[in-house]
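Engineer: Supplied structure: entry.cif, mmCIF, C-alpha atoms, pLDDT in the B column; chains and numbers go by the auth columns.
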data_upload
loop_
_atom_site.group_PDB
_atom_site.id
_atom_site.type_symbol
_atom_site.label_atom_id
_atom_site.label_comp_id
_atom_site.label_asym_id
_atom_site.label_seq_id
_atom_site.Cartn_x
_atom_site.Cartn_y
_atom_site.Cartn_z
_atom_site.B_iso_or_equiv
_atom_site.auth_seq_id
_atom_site.auth_asym_id
ATOM 1 C CA MET A 1 0.000 0.000 0.000 56.00 24 X
ATOM 2 C CA PHE A 2 2.787 2.440 0.919 68.00 25 X
ATOM 3 C CA LYS A 3 6.138 2.316 -0.884 79.00 26 X
ATOM 4 C CA ASN A 4 7.905 3.775 2.140 91.00 27 X
ATOM 5 C CA PRO A 5 6.574 1.991 5.259 95.00 28 X
ATOM 6 C CA VAL A 6 7.648 4.617 7.810 96.00 29 X
ATOM 7 C CA PHE A 7 5.022 6.935 9.292 97.00 30 X
ATOM 8 C CA CYS A 8 6.536 9.663 11.427 97.00 31 X
ATOM 9 C CA ALA A 9 4.640 10.221 14.687 96.00 32 X
ATOM 10 C CA ILE A 10 4.116 13.953 15.139 93.00 33 X
ATOM 11 C CA ASP A 11 3.392 14.027 18.879 84.00 34 X
ATOM 12 C CA THR A 12 3.635 17.624 20.041 89.00 35 X
ATOM 13 C CA PRO A 13 1.168 20.263 21.249 90.00 36 X
ATOM 14 C CA GLU A 14 2.808 22.975 19.129 93.00 37 X
ATOM 15 C CA ILE A 15 1.407 23.523 15.647 96.00 38 X
ATOM 16 C CA GLU A 16 4.498 25.269 14.227 96.00 39 X
ATOM 17 C CA THR A 17 6.757 22.548 15.623 96.00 40 X
ATOM 18 C CA ALA A 18 4.549 19.949 13.957 96.00 41 X
ATOM 19 C CA ARG A 19 4.591 21.819 10.657 96.00 42 X
ATOM 20 C CA THR A 20 8.386 22.034 10.761 97.00 43 X
ATOM 21 C CA LEU A 21 8.863 18.371 11.706 97.00 44 X
ATOM 22 C CA ALA A 22 6.515 17.235 8.938 97.00 45 X
ATOM 23 C CA ALA A 23 8.411 19.318 6.393 97.00 46 X
ATOM 24 C CA LEU A 24 11.803 18.013 7.567 97.00 47 X
ATOM 25 C CA ALA A 25 10.828 14.349 7.771 97.00 48 X
ATOM 26 C CA GLY A 26 8.472 14.365 4.788 96.00 49 X
ATOM 27 C CA PRO A 27 11.008 13.646 2.028 96.00 50 X
ATOM 28 C CA HIS A 28 12.240 10.539 3.876 96.00 51 X
ATOM 29 C CA VAL A 29 9.042 8.925 5.191 97.00 52 X
ATOM 30 C CA GLY A 30 5.896 7.418 3.728 96.00 53 X
ATOM 31 C CA GLY A 31 3.385 9.202 5.928 97.00 54 X
ATOM 32 C CA MET A 32 2.631 11.099 9.110 98.00 55 X
ATOM 33 C CA LYS A 33 0.870 9.990 12.283 98.00 56 X
ATOM 34 C CA ILE A 34 -1.120 12.534 14.290 97.00 57 X
ATOM 35 C CA GLY A 35 -2.083 11.523 17.817 94.00 58 X
ATOM 36 C CA MET A 36 -4.451 12.711 20.503 93.00 59 X
ATOM 37 C CA GLU A 37 -2.192 15.372 22.012 90.00 60 X
ATOM 38 C CA PHE A 38 -1.805 17.316 18.789 94.00 61 X
ATOM 39 C CA PHE A 39 -5.284 16.767 17.361 96.00 62 X
ATOM 40 C CA TYR A 40 -7.061 17.703 20.585 94.00 63 X
ATOM 41 C CA ALA A 41 -4.979 20.869 20.774 92.00 64 X
ATOM 42 C CA HIS A 42 -5.437 22.027 17.188 95.00 65 X
ATOM 43 C CA GLY A 43 -8.160 20.010 15.424 96.00 66 X
ATOM 44 C CA ARG A 44 -8.627 20.556 11.703 96.00 67 X
ATOM 45 C CA ALA A 45 -6.086 23.393 11.507 97.00 68 X
ATOM 46 C CA GLY A 46 -3.405 21.194 13.034 97.00 69 X
ATOM 47 C CA TYR A 47 -4.294 18.287 10.791 97.00 70 X
ATOM 48 C CA GLU A 48 -4.018 20.443 7.695 97.00 71 X
ATOM 49 C CA ALA A 49 -0.682 21.883 8.840 97.00 72 X
ATOM 50 C CA VAL A 50 0.802 18.384 8.951 97.00 73 X
ATOM 51 C CA ALA A 51 -0.999 17.191 5.811 97.00 74 X
ATOM 52 C CA ALA A 52 0.552 20.120 3.940 96.00 75 X
ATOM 53 C CA ALA A 53 3.766 18.069 3.782 96.00 76 X
ATOM 54 C CA GLY A 54 1.956 16.057 1.103 96.00 77 X
ATOM 55 C CA LYS A 55 2.068 12.690 2.847 97.00 78 X
ATOM 56 C CA PRO A 56 -0.759 10.310 3.836 97.00 79 X
ATOM 57 C CA VAL A 57 -1.926 10.830 7.405 98.00 80 X
ATOM 58 C CA PHE A 58 -2.684 8.197 10.027 98.00 81 X
ATOM 59 C CA LEU A 59 -5.123 9.820 12.463 98.00 82 X
ATOM 60 C CA ASP A 60 -4.374 7.947 15.667 97.00 83 X
ATOM 61 C CA LEU A 61 -7.326 8.807 17.922 97.00 84 X
ATOM 62 C CA LYS A 62 -8.104 5.288 19.206 97.00 85 X
ATOM 63 C CA LEU A 63 -11.865 5.840 19.205 98.00 86 X
ATOM 64 C CA HIS A 64 -13.611 3.885 21.963 98.00 87 X
ATOM 65 C CA ASP A 65 -17.208 4.499 23.011 98.00 88 X
ATOM 66 C CA ILE A 66 -20.703 3.156 22.394 98.00 89 X
ATOM 67 C CA PRO A 67 -21.350 2.139 18.744 98.00 90 X
ATOM 68 C CA ASN A 68 -23.447 5.166 17.775 98.00 91 X
ATOM 69 C CA THR A 69 -20.948 7.641 19.199 98.00 92 X
ATOM 70 C CA VAL A 70 -17.970 6.013 17.467 98.00 93 X
ATOM 71 C CA ALA A 71 -19.816 5.828 14.142 98.00 94 X
ATOM 72 C CA SER A 72 -20.708 9.514 14.466 98.00 95 X
ATOM 73 C CA ALA A 73 -17.070 10.353 15.242 98.00 96 X
ATOM 74 C CA VAL A 74 -15.908 8.465 12.134 98.00 97 X
ATOM 75 C CA ARG A 75 -18.384 10.401 9.997 97.00 98 X
ATOM 76 C CA ALA A 76 -17.317 13.698 11.580 97.00 99 X
ATOM 77 C CA LEU A 77 -13.656 12.971 10.787 97.00 100 X
ATOM 78 C CA GLY A 78 -14.422 11.859 7.229 96.00 101 X
ATOM 79 C CA PRO A 79 -13.973 15.291 5.577 95.00 102 X
ATOM 80 C CA LEU A 80 -10.336 15.314 6.687 97.00 103 X
ATOM 81 C CA ALA A 81 -9.811 12.223 4.496 96.00 104 X
ATOM 82 C CA PRO A 82 -7.093 10.564 6.582 97.00 105 X
ATOM 83 C CA ALA A 83 -5.441 7.562 4.980 97.00 106 X
ATOM 84 C CA ILE A 84 -5.867 5.582 8.209 98.00 107 X
ATOM 85 C CA LEU A 85 -8.100 5.956 11.274 98.00 108 X
ATOM 86 C CA ASN A 86 -8.221 3.621 14.278 98.00 109 X
ATOM 87 C CA VAL A 87 -10.624 2.376 16.926 98.00 110 X
ATOM 88 C CA HIS A 88 -10.024 0.262 20.024 97.00 111 X
ATOM 89 C CA ALA A 89 -10.830 -3.366 19.193 97.00 112 X
ATOM 90 C CA SER A 90 -11.691 -3.851 22.861 94.00 113 X
ATOM 91 C CA GLY A 91 -14.767 -1.706 22.171 96.00 114 X
ATOM 92 C CA GLY A 92 -16.400 -4.875 20.898 96.00 115 X
ATOM 93 C CA ARG A 93 -18.171 -6.255 17.858 98.00 116 X
ATOM 94 C CA ALA A 94 -21.094 -3.822 17.650 98.00 117 X
ATOM 95 C CA MET A 95 -18.827 -0.804 17.963 98.00 118 X
ATOM 96 C CA MET A 96 -16.396 -2.005 15.286 98.00 119 X
ATOM 97 C CA ARG A 97 -19.177 -2.897 12.881 98.00 120 X
ATOM 98 C CA ALA A 98 -20.759 0.522 13.323 98.00 121 X
ATOM 99 C CA ALA A 99 -17.397 2.193 12.693 98.00 122 X
ATOM 100 C CA THR A 100 -16.747 0.038 9.621 98.00 123 X
ATOM 101 C CA GLU A 101 -20.116 0.900 8.106 97.00 124 X
ATOM 102 C CA ALA A 102 -19.561 4.601 8.742 97.00 125 X
ATOM 103 C CA ALA A 103 -16.091 4.455 7.162 96.00 126 X
ATOM 104 C CA LYS A 104 -17.399 2.713 4.045 94.00 127 X
ATOM 105 C CA ASN A 105 -20.129 5.294 3.565 93.00 128 X
ATOM 106 C CA ILE A 106 -17.595 8.131 3.618 92.00 129 X
ATOM 107 C CA GLY A 107 -16.171 6.850 0.334 87.00 130 X
ATOM 108 C CA THR A 108 -12.624 8.240 0.616 90.00 131 X
ATOM 109 C CA GLY A 109 -10.846 4.890 0.716 92.00 132 X
ATOM 110 C CA MET A 110 -9.801 5.470 4.312 96.00 133 X
ATOM 111 C CA LYS A 111 -8.427 2.387 6.060 97.00 134 X
ATOM 112 C CA LEU A 112 -10.069 1.637 9.402 98.00 135 X
ATOM 113 C CA ILE A 113 -7.892 -0.373 11.742 98.00 136 X
ATOM 114 C CA GLY A 114 -8.193 -1.700 15.281 98.00 137 X
ATOM 115 C CA VAL A 115 -5.946 -1.180 18.286 96.00 138 X
ATOM 116 C CA SER A 116 -5.011 -4.458 19.952 91.00 139 X
ATOM 117 C CA VAL A 117 -2.828 -4.157 23.071 88.00 140 X
ATOM 118 C CA LEU A 118 -0.924 -0.907 23.614 86.00 141 X
ATOM 119 C CA THR A 119 2.847 -1.317 23.351 77.00 142 X
ATOM 120 C CA SER A 120 3.201 0.225 26.816 83.00 143 X
ATOM 121 C CA LEU A 121 1.469 -2.852 28.285 85.00 144 X
ATOM 122 C CA ASP A 122 2.814 -6.323 28.966 86.00 145 X
ATOM 123 C CA GLY A 123 1.441 -9.538 30.441 90.00 146 X
ATOM 124 C CA THR A 124 1.590 -8.276 33.999 92.00 147 X
ATOM 125 C CA ASP A 125 -0.476 -5.231 33.082 92.00 148 X
ATOM 126 C CA LEU A 126 -3.106 -7.377 31.354 92.00 149 X
ATOM 127 C CA GLU A 127 -3.332 -9.701 34.334 92.00 150 X
ATOM 128 C CA GLU A 128 -3.926 -6.706 36.581 94.00 151 X
ATOM 129 C CA LEU A 129 -6.767 -5.674 34.262 93.00 152 X
ATOM 130 C CA GLY A 130 -8.338 -9.108 34.542 92.00 153 X
ATOM 131 C CA VAL A 131 -7.391 -10.338 31.058 91.00 154 X
ATOM 132 C CA LYS A 132 -6.659 -14.048 31.067 87.00 155 X
ATOM 133 C CA GLY A 133 -3.899 -15.575 28.964 87.00 156 X
ATOM 134 C CA SER A 134 -0.830 -14.083 27.356 91.00 157 X
ATOM 135 C CA VAL A 135 -0.505 -10.837 25.409 90.00 158 X
ATOM 136 C CA CYS A 136 -0.230 -12.890 22.227 92.00 159 X
ATOM 137 C CA ASP A 137 -3.454 -14.768 22.986 93.00 160 X
ATOM 138 C CA HIS A 138 -5.333 -11.534 23.592 93.00 161 X
ATOM 139 C CA VAL A 139 -3.957 -9.903 20.456 94.00 162 X
ATOM 140 C CA ARG A 140 -4.965 -12.948 18.393 95.00 163 X
ATOM 141 C CA ARG A 141 -8.519 -12.809 19.728 95.00 164 X
ATOM 142 C CA LEU A 142 -8.849 -9.089 19.069 96.00 165 X
ATOM 143 C CA GLY A 143 -7.349 -9.429 15.593 97.00 166 X
ATOM 144 C CA ALA A 144 -9.783 -12.175 14.597 97.00 167 X
ATOM 145 C CA LEU A 145 -12.697 -10.123 15.927 98.00 168 X
ATOM 146 C CA ALA A 146 -11.553 -6.989 14.077 98.00 169 X
ATOM 147 C CA ARG A 147 -11.211 -8.926 10.825 98.00 170 X
ATOM 148 C CA ASP A 148 -14.668 -10.453 11.254 98.00 171 X
ATOM 149 C CA CYS A 149 -16.106 -6.962 11.809 98.00 172 X
ATOM 150 C CA GLY A 150 -14.675 -5.764 8.496 97.00 173 X
ATOM 151 C CA LEU A 151 -11.731 -3.704 9.716 98.00 174 X
ATOM 152 C CA ASP A 152 -8.818 -3.317 7.304 98.00 175 X
ATOM 153 C CA GLY A 153 -6.055 -4.084 9.772 98.00 176 X
ATOM 154 C CA MET A 154 -4.651 -3.799 13.246 97.00 177 X
ATOM 155 C CA VAL A 155 -2.180 -1.857 15.331 95.00 178 X
ATOM 156 C CA CYS A 156 0.081 -4.306 17.119 91.00 179 X
ATOM 157 C CA SER A 157 3.567 -4.599 18.537 86.00 180 X
ATOM 158 C CA ALA A 158 6.226 -6.170 16.333 86.00 181 X
ATOM 159 C CA HIS A 159 6.145 -9.270 18.507 86.00 182 X
ATOM 160 C CA GLU A 160 2.583 -10.075 17.424 91.00 183 X
ATOM 161 C CA ILE A 161 3.039 -9.535 13.669 93.00 184 X
ATOM 162 C CA GLU A 162 3.464 -13.195 12.778 93.00 185 X
ATOM 163 C CA ILE A 163 0.546 -14.247 14.985 94.00 186 X
ATOM 164 C CA LEU A 164 -1.829 -11.758 13.370 96.00 187 X
ATOM 165 C CA ARG A 165 -0.583 -12.508 9.878 95.00 188 X
ATOM 166 C CA ALA A 166 -1.308 -16.192 10.393 94.00 189 X
ATOM 167 C CA GLU A 167 -4.708 -15.449 11.958 95.00 190 X
ATOM 168 C CA CYS A 168 -5.927 -12.712 9.622 96.00 191 X
ATOM 169 C CA GLY A 169 -4.200 -13.283 6.277 95.00 192 X
ATOM 170 C CA PRO A 170 -1.782 -11.430 3.981 94.00 193 X
ATOM 171 C CA GLU A 171 -4.095 -8.518 3.102 95.00 194 X
ATOM 172 C CA PHE A 172 -4.704 -7.485 6.720 97.00 195 X
ATOM 173 C CA LEU A 173 -2.820 -4.209 7.264 97.00 196 X
ATOM 174 C CA LEU A 174 -0.419 -4.415 10.200 97.00 197 X
ATOM 175 C CA VAL A 175 0.641 -1.066 11.652 96.00 198 X
ATOM 176 C CA VAL A 176 3.466 -1.373 14.151 93.00 199 X
ATOM 177 C CA PRO A 177 4.495 1.251 16.737 89.00 200 X
ATOM 178 C CA GLY A 178 7.272 0.755 19.275 82.00 201 X
ATOM 179 C CA ILE A 179 9.885 0.736 16.512 88.00 202 X
ATOM 180 C CA ARG A 180 13.339 1.734 17.683 76.00 203 X
ATOM 181 C CA PRO A 181 16.324 2.016 15.302 75.00 204 X
ATOM 182 C CA ALA A 182 19.657 0.645 16.465 60.00 205 X
ATOM 183 C CA GLY A 183 20.933 2.610 19.453 54.00 206 X
ATOM 184 C CA ALA A 184 17.611 4.266 20.297 53.00 207 X
ATOM 185 C CA ALA A 185 16.214 3.956 23.831 48.00 208 X
ATOM 186 C CA ALA A 186 12.999 1.976 24.409 46.00 209 X
ATOM 187 C CA GLN A 187 11.673 4.798 26.660 51.00 210 X
ATOM 188 C CA ASP A 188 8.071 4.004 27.754 49.00 211 X
ATOM 189 C CA GLN A 189 7.559 1.188 25.261 49.00 212 X
ATOM 190 C CA LYS A 190 7.802 -2.368 26.594 51.00 213 X
ATOM 191 C CA ARG A 191 7.472 -4.391 23.370 49.00 214 X
ATOM 192 C CA VAL A 192 9.868 -2.906 20.809 61.00 215 X
ATOM 193 C CA MET A 193 11.825 -4.008 17.731 78.00 216 X
ATOM 194 C CA SER A 194 14.117 -2.500 15.095 84.00 217 X
ATOM 195 C CA PRO A 195 12.747 -1.430 11.672 88.00 218 X
ATOM 196 C CA ALA A 196 14.609 -4.221 9.887 85.00 219 X
ATOM 197 C CA GLN A 197 13.356 -6.895 12.278 85.00 220 X
ATOM 198 C CA ALA A 198 9.761 -5.693 12.074 89.00 221 X
ATOM 199 C CA LEU A 199 9.769 -5.690 8.268 90.00 222 X
ATOM 200 C CA GLU A 200 11.272 -9.161 8.174 87.00 223 X
ATOM 201 C CA CYS A 201 8.425 -10.327 10.430 88.00 224 X
ATOM 202 C CA GLY A 202 5.875 -8.921 7.983 91.00 225 X
ATOM 203 C CA ALA A 203 4.938 -5.414 9.180 93.00 226 X
ATOM 204 C CA ASP A 204 3.258 -3.151 6.617 95.00 227 X
ATOM 205 C CA ILE A 205 3.680 0.232 8.339 96.00 228 X
ATOM 206 C CA LEU A 206 6.250 1.241 10.945 96.00 229 X
ATOM 207 C CA VAL A 207 5.308 4.103 13.277 95.00 230 X
ATOM 208 C CA ILE A 208 8.439 5.922 14.448 95.00 231 X
ATOM 209 C CA GLY A 209 8.270 9.057 16.556 93.00 232 X
ATOM 210 C CA ARG A 210 10.885 10.214 19.035 91.00 233 X
ATOM 211 C CA PRO A 211 13.918 8.673 17.254 92.00 234 X
ATOM 212 C CA ILE A 212 13.070 11.149 14.470 95.00 235 X
ATOM 213 C CA THR A 213 11.277 14.049 16.130 94.00 236 X
ATOM 214 C CA LYS A 214 13.589 14.347 19.142 93.00 237 X
ATOM 215 C CA ALA A 215 16.779 13.953 17.111 94.00 238 X
ATOM 216 C CA ALA A 216 19.142 16.904 16.791 95.00 239 X
ATOM 217 C CA ASP A 217 18.631 16.642 13.024 96.00 240 X
ATOM 218 C CA PRO A 218 15.184 15.102 12.300 96.00 241 X
ATOM 219 C CA ALA A 219 15.718 15.045 8.546 97.00 242 X
ATOM 220 C CA LYS A 220 18.983 13.140 8.905 96.00 243 X
ATOM 221 C CA ALA A 221 17.454 10.717 11.417 94.00 244 X
ATOM 222 C CA ALA A 222 14.571 9.965 9.049 95.00 245 X
ATOM 223 C CA MET A 223 16.988 9.565 6.139 94.00 246 X
ATOM 224 C CA MET A 224 19.135 7.081 8.068 91.00 247 X
ATOM 225 C CA ILE A 225 16.073 4.987 8.926 92.00 248 X
ATOM 226 C CA ALA A 226 15.049 5.036 5.260 91.00 249 X
ATOM 227 C CA ARG A 227 18.511 3.804 4.284 89.00 250 X
ATOM 228 C CA GLU A 228 18.324 1.020 6.875 84.00 251 X
ATOM 229 C CA ILE A 229 15.025 -0.110 5.374 86.00 252 X
ATOM 230 C CA GLU A 230 16.326 0.096 1.822 82.00 253 X
ATOM 231 C CA ALA A 231 19.231 -2.158 2.770 77.00 254 X
ATOM 232 C CA VAL A 232 16.840 -4.781 4.154 71.00 255 X
ATOM 233 C CA ARG A 233 14.666 -4.720 1.037 68.00 256 X
ATOM 234 C CA ARG A 234 17.486 -5.214 -1.447 65.00 257 X
#
As a first step, turn the structure in this file into structure tokens.
Structural biologist:
Amino acid sequence: MFKNPVFCAIDTPEIETARTLAALAGPHVGGMKIGMEFFYAHGRAGYEAVAAAGKPVFLDLKLHDIPNTVASAVRALGPLAPAILNVHASGGRAMMRAATEAAKNIGTGMKLIGVSVLTSLDGTDLEELGVKGSVCDHVRRLGALARDCGLDGMVCSAHEIEILRAECGPEFLLVVPGIRPAGAAAQDQKRVMSPAQALECGADILVIGRPITKAADPAKAAMMIAREIEAVRR
């Protein structure tokens, strides 16, 4: 779907910072990811500032509410025409089906994907929340449910790529955060992997934020990641 699999995560509350980062990283990445912090601060104006870099946008809002509310939110976001929008798979079957129907009726070709288990969580966290079984088991269940509800793909950690690919098939879009190039710190992510490893496992899109946006030279950091990926694909 995307020739360059890297989506740069623009996670900042400052609109001019976001505009600058998008312009610097844009020539070396395949798309941009806008999260809650930035979108809640700036809405449509912020979205358009990042989209001005000319790259597809993944609008990472992790919608999670009753079915009617989520469907209404999808319709409200439709005019922005993001390439990708996501909902929490843990919202359940009715919610995901309502979101899928709303996305189809928009008619922009937007991909609707589910969120499985956040990369900041591990097995201990899930146990504390009352979820039985391993992280992998829970991700597999959510992935199968999302596929059955008509979603186009899933957000997952790199360590669940092969499980979801086997469960959901080759056309299911796998968007993978928690990607850390060689030498980068894991920070608050608990389930991380390098770009090369994630692609070898079968990831479709790699979401990379701080290794690019917090670098002294964001353009150079993005370029080096692009070169690392090119070397793997040769």
Engineer: Taking the file as shown, what set of residues would the PyMOL selection byres ((chain X and resi 141-144) around 12) give back, as a PDB file with C-alpha atoms, keeping the file's coordinate frame?
Structural biologist:
ATOM      1  CA  LYS X  85      -8.104   5.288  19.206  1.00 97.00           C
ATOM      2  CA  HIS X 111     -10.024   0.262  20.024  1.00 97.00           C
ATOM      3  CA  ALA X 112     -10.830  -3.366  19.193  1.00 97.00           C
ATOM      4  CA  SER X 113     -11.691  -3.851  22.861  1.00 94.00           C
ATOM      5  CA  GLY X 137      -8.193  -1.700  15.281  1.00 98.00           C
ATOM      6  CA  VAL X 138      -5.946  -1.180  18.286  1.00 96.00           C
ATOM      7  CA  SER X 139      -5.011  -4.458  19.952  1.00 91.00           C
ATOM      8  CA  VAL X 140      -2.828  -4.157  23.071  1.00 88.00           C
ATOM      9  CA  ASP X 145       2.814  -6.323  28.966  1.00 86.00           C
ATOM     10  CA  GLY X 146       1.441  -9.538  30.441  1.00 90.00           C
ATOM     11  CA  THR X 147       1.590  -8.276  33.999  1.00 92.00           C
ATOM     12  CA  ASP X 148      -0.476  -5.231  33.082  1.00 92.00           C
ATOM     13  CA  LEU X 149      -3.106  -7.377  31.354  1.00 92.00           C
ATOM     14  CA  GLU X 150      -3.332  -9.701  34.334  1.00 92.00           C
ATOM     15  CA  GLU X 151      -3.926  -6.706  36.581  1.00 94.00           C
ATOM     16  CA  LEU X 152      -6.767  -5.674  34.262  1.00 93.00           C
ATOM     17  CA  VAL X 154      -7.391 -10.338  31.058  1.00 91.00           C
ATOM     18  CA  SER X 157      -0.830 -14.083  27.356  1.00 91.00           C
ATOM     19  CA  VAL X 158      -0.505 -10.837  25.409  1.00 90.00           C
ATOM     20  CA  CYS X 159      -0.230 -12.890  22.227  1.00 92.00           C
ATOM     21  CA  HIS X 161      -5.333 -11.534  23.592  1.00 93.00           C
ATOM     22  CA  VAL X 162      -3.957  -9.903  20.456  1.00 94.00           C
ATOM     23  CA  MET X 177      -4.651  -3.799  13.246  1.00 97.00           C
ATOM     24  CA  VAL X 178      -2.180  -1.857  15.331  1.00 95.00           C
ATOM     25  CA  CYS X 179       0.081  -4.306  17.119  1.00 91.00           C
ATOM     26  CA  SER X 180       3.567  -4.599  18.537  1.00 86.00           C
ATOM     27  CA  ALA X 181       6.226  -6.170  16.333  1.00 86.00           C
ATOM     28  CA  HIS X 182       6.145  -9.270  18.507  1.00 86.00           C
ATOM     29  CA  GLU X 183       2.583 -10.075  17.424  1.00 91.00           C
ATOM     30  CA  VAL X 198       0.641  -1.066  11.652  1.00 96.00           C
ATOM     31  CA  VAL X 199       3.466  -1.373  14.151  1.00 93.00           C
ATOM     32  CA  PRO X 200       4.495   1.251  16.737  1.00 89.00           C
ATOM     33  CA  GLY X 201       7.272   0.755  19.275  1.00 82.00           C
ATOM     34  CA  ILE X 202       9.885   0.736  16.512  1.00 88.00           C
ATOM     35  CA  ALA X 209      12.999   1.976  24.409  1.00 46.00           C
ATOM     36  CA  GLN X 210      11.673   4.798  26.660  1.00 51.00           C
ATOM     37  CA  ASP X 211       8.071   4.004  27.754  1.00 49.00           C
ATOM     38  CA  GLN X 212       7.559   1.188  25.261  1.00 49.00           C
ATOM     39  CA  LYS X 213       7.802  -2.368  26.594  1.00 51.00           C
ATOM     40  CA  ARG X 214       7.472  -4.391  23.370  1.00 49.00           C
ATOM     41  CA  VAL X 215       9.868  -2.906  20.809  1.00 61.00           C
ATOM     42  CA  MET X 216      11.825  -4.008  17.731  1.00 78.00           C
ATOM     43  CA  VAL X 230       5.308   4.103  13.277  1.00 95.00           C
TER      44      VAL X 230
END
Engineer: Could you tell me which of X:Gly115, X:Pro28, X:Gly58, X:Pro50 comes closest to Ala226 (chain X) if we count all atoms listed in the file?
Structural biologist: X:Pro28
Engineer: Extract, using all atoms listed in the file, all DNA, RNA and protein residues at most 8 Å from Cys191 (chain X), discarding same-chain residues fewer than 5 positions from it, and format them as a ChimeraX atom specification.
Structural biologist: /X:166-167,170
Engineer: Counting all atoms listed in the file, which of X:Ala74, X:Leu82, X:Ala242, X:Ala45 gets nearest to Phe62 (chain X)?
Structural biologist: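 The shortest atom-to-atom distance to Phe62 (chain X) comes from X:Leu82.
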Engineer: Name the residues that the PyMOL selection byres ((chain X and resi 132) around 12) pulls out of this structure, and write them as a count of residues only.
Structural biologist: 21
Engineer: Name the closest residue to Ile248 (chain X) among the candidates X:Arg163, X:Pro36, X:His51, X:Gly114; distances are taken between atoms, counting all atoms listed in the file.
Structural biologist: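 The closest residue to Ile248 (chain X) is X:His51.
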Engineer: Spell out the residues picked by the PyMOL selection byres ((chain X and resi 34) around 8) here, as a PyMOL selection string.
Structural biologist: chain X and resi 32-33+35-36+41+57-58+60-61+232
Engineer: Save the residues we just selected, C-alpha atoms, as a PDB file, in the coordinates of the input?
Structural biologist:
ATOM      1  CA  ALA X  32       4.640  10.221  14.687  1.00 96.00           C
ATOM      2  CA  ILE X  33       4.116  13.953  15.139  1.00 93.00           C
ATOM      3  CA  THR X  35       3.635  17.624  20.041  1.00 89.00           C
ATOM      4  CA  PRO X  36       1.168  20.263  21.249  1.00 90.00           C
ATOM      5  CA  ALA X  41       4.549  19.949  13.957  1.00 96.00           C
ATOM      6  CA  ILE X  57      -1.120  12.534  14.290  1.00 97.00           C
ATOM      7  CA  GLY X  58      -2.083  11.523  17.817  1.00 94.00           C
ATOM      8  CA  GLU X  60      -2.192  15.372  22.012  1.00 90.00           C
ATOM      9  CA  PHE X  61      -1.805  17.316  18.789  1.00 94.00           C
ATOM     10  CA  GLY X 232       8.270   9.057  16.556  1.00 93.00           C
TER      11      GLY X 232
END
Engineer: Which residue out of X:Gly49, X:Leu103, X:Ala94, X:Thr43 has the minimum interatomic distance to Ala68 (chain X) when all atoms listed in the file are used?
Structural biologist: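 Checking each candidate against Ala68 (chain X), we get X:Leu103 as the closest.
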Engineer: Have a look at X:Val52, X:Leu174, X:Ile136, X:Leu44 and name the one nearest to Ala249 (chain X); count all atoms listed in the file.
Structural biologist: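 Of the candidates, the smallest distance to Ala249 (chain X) is held by X:Val52.
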Engineer: As an exercise, work out the distance from CA of Cys172 (chain X) to CA of Gly225 (chain X) in Å and give it to one decimal place.
Structural biologist: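 Distance reported for this atom pair: 22.4 Å.
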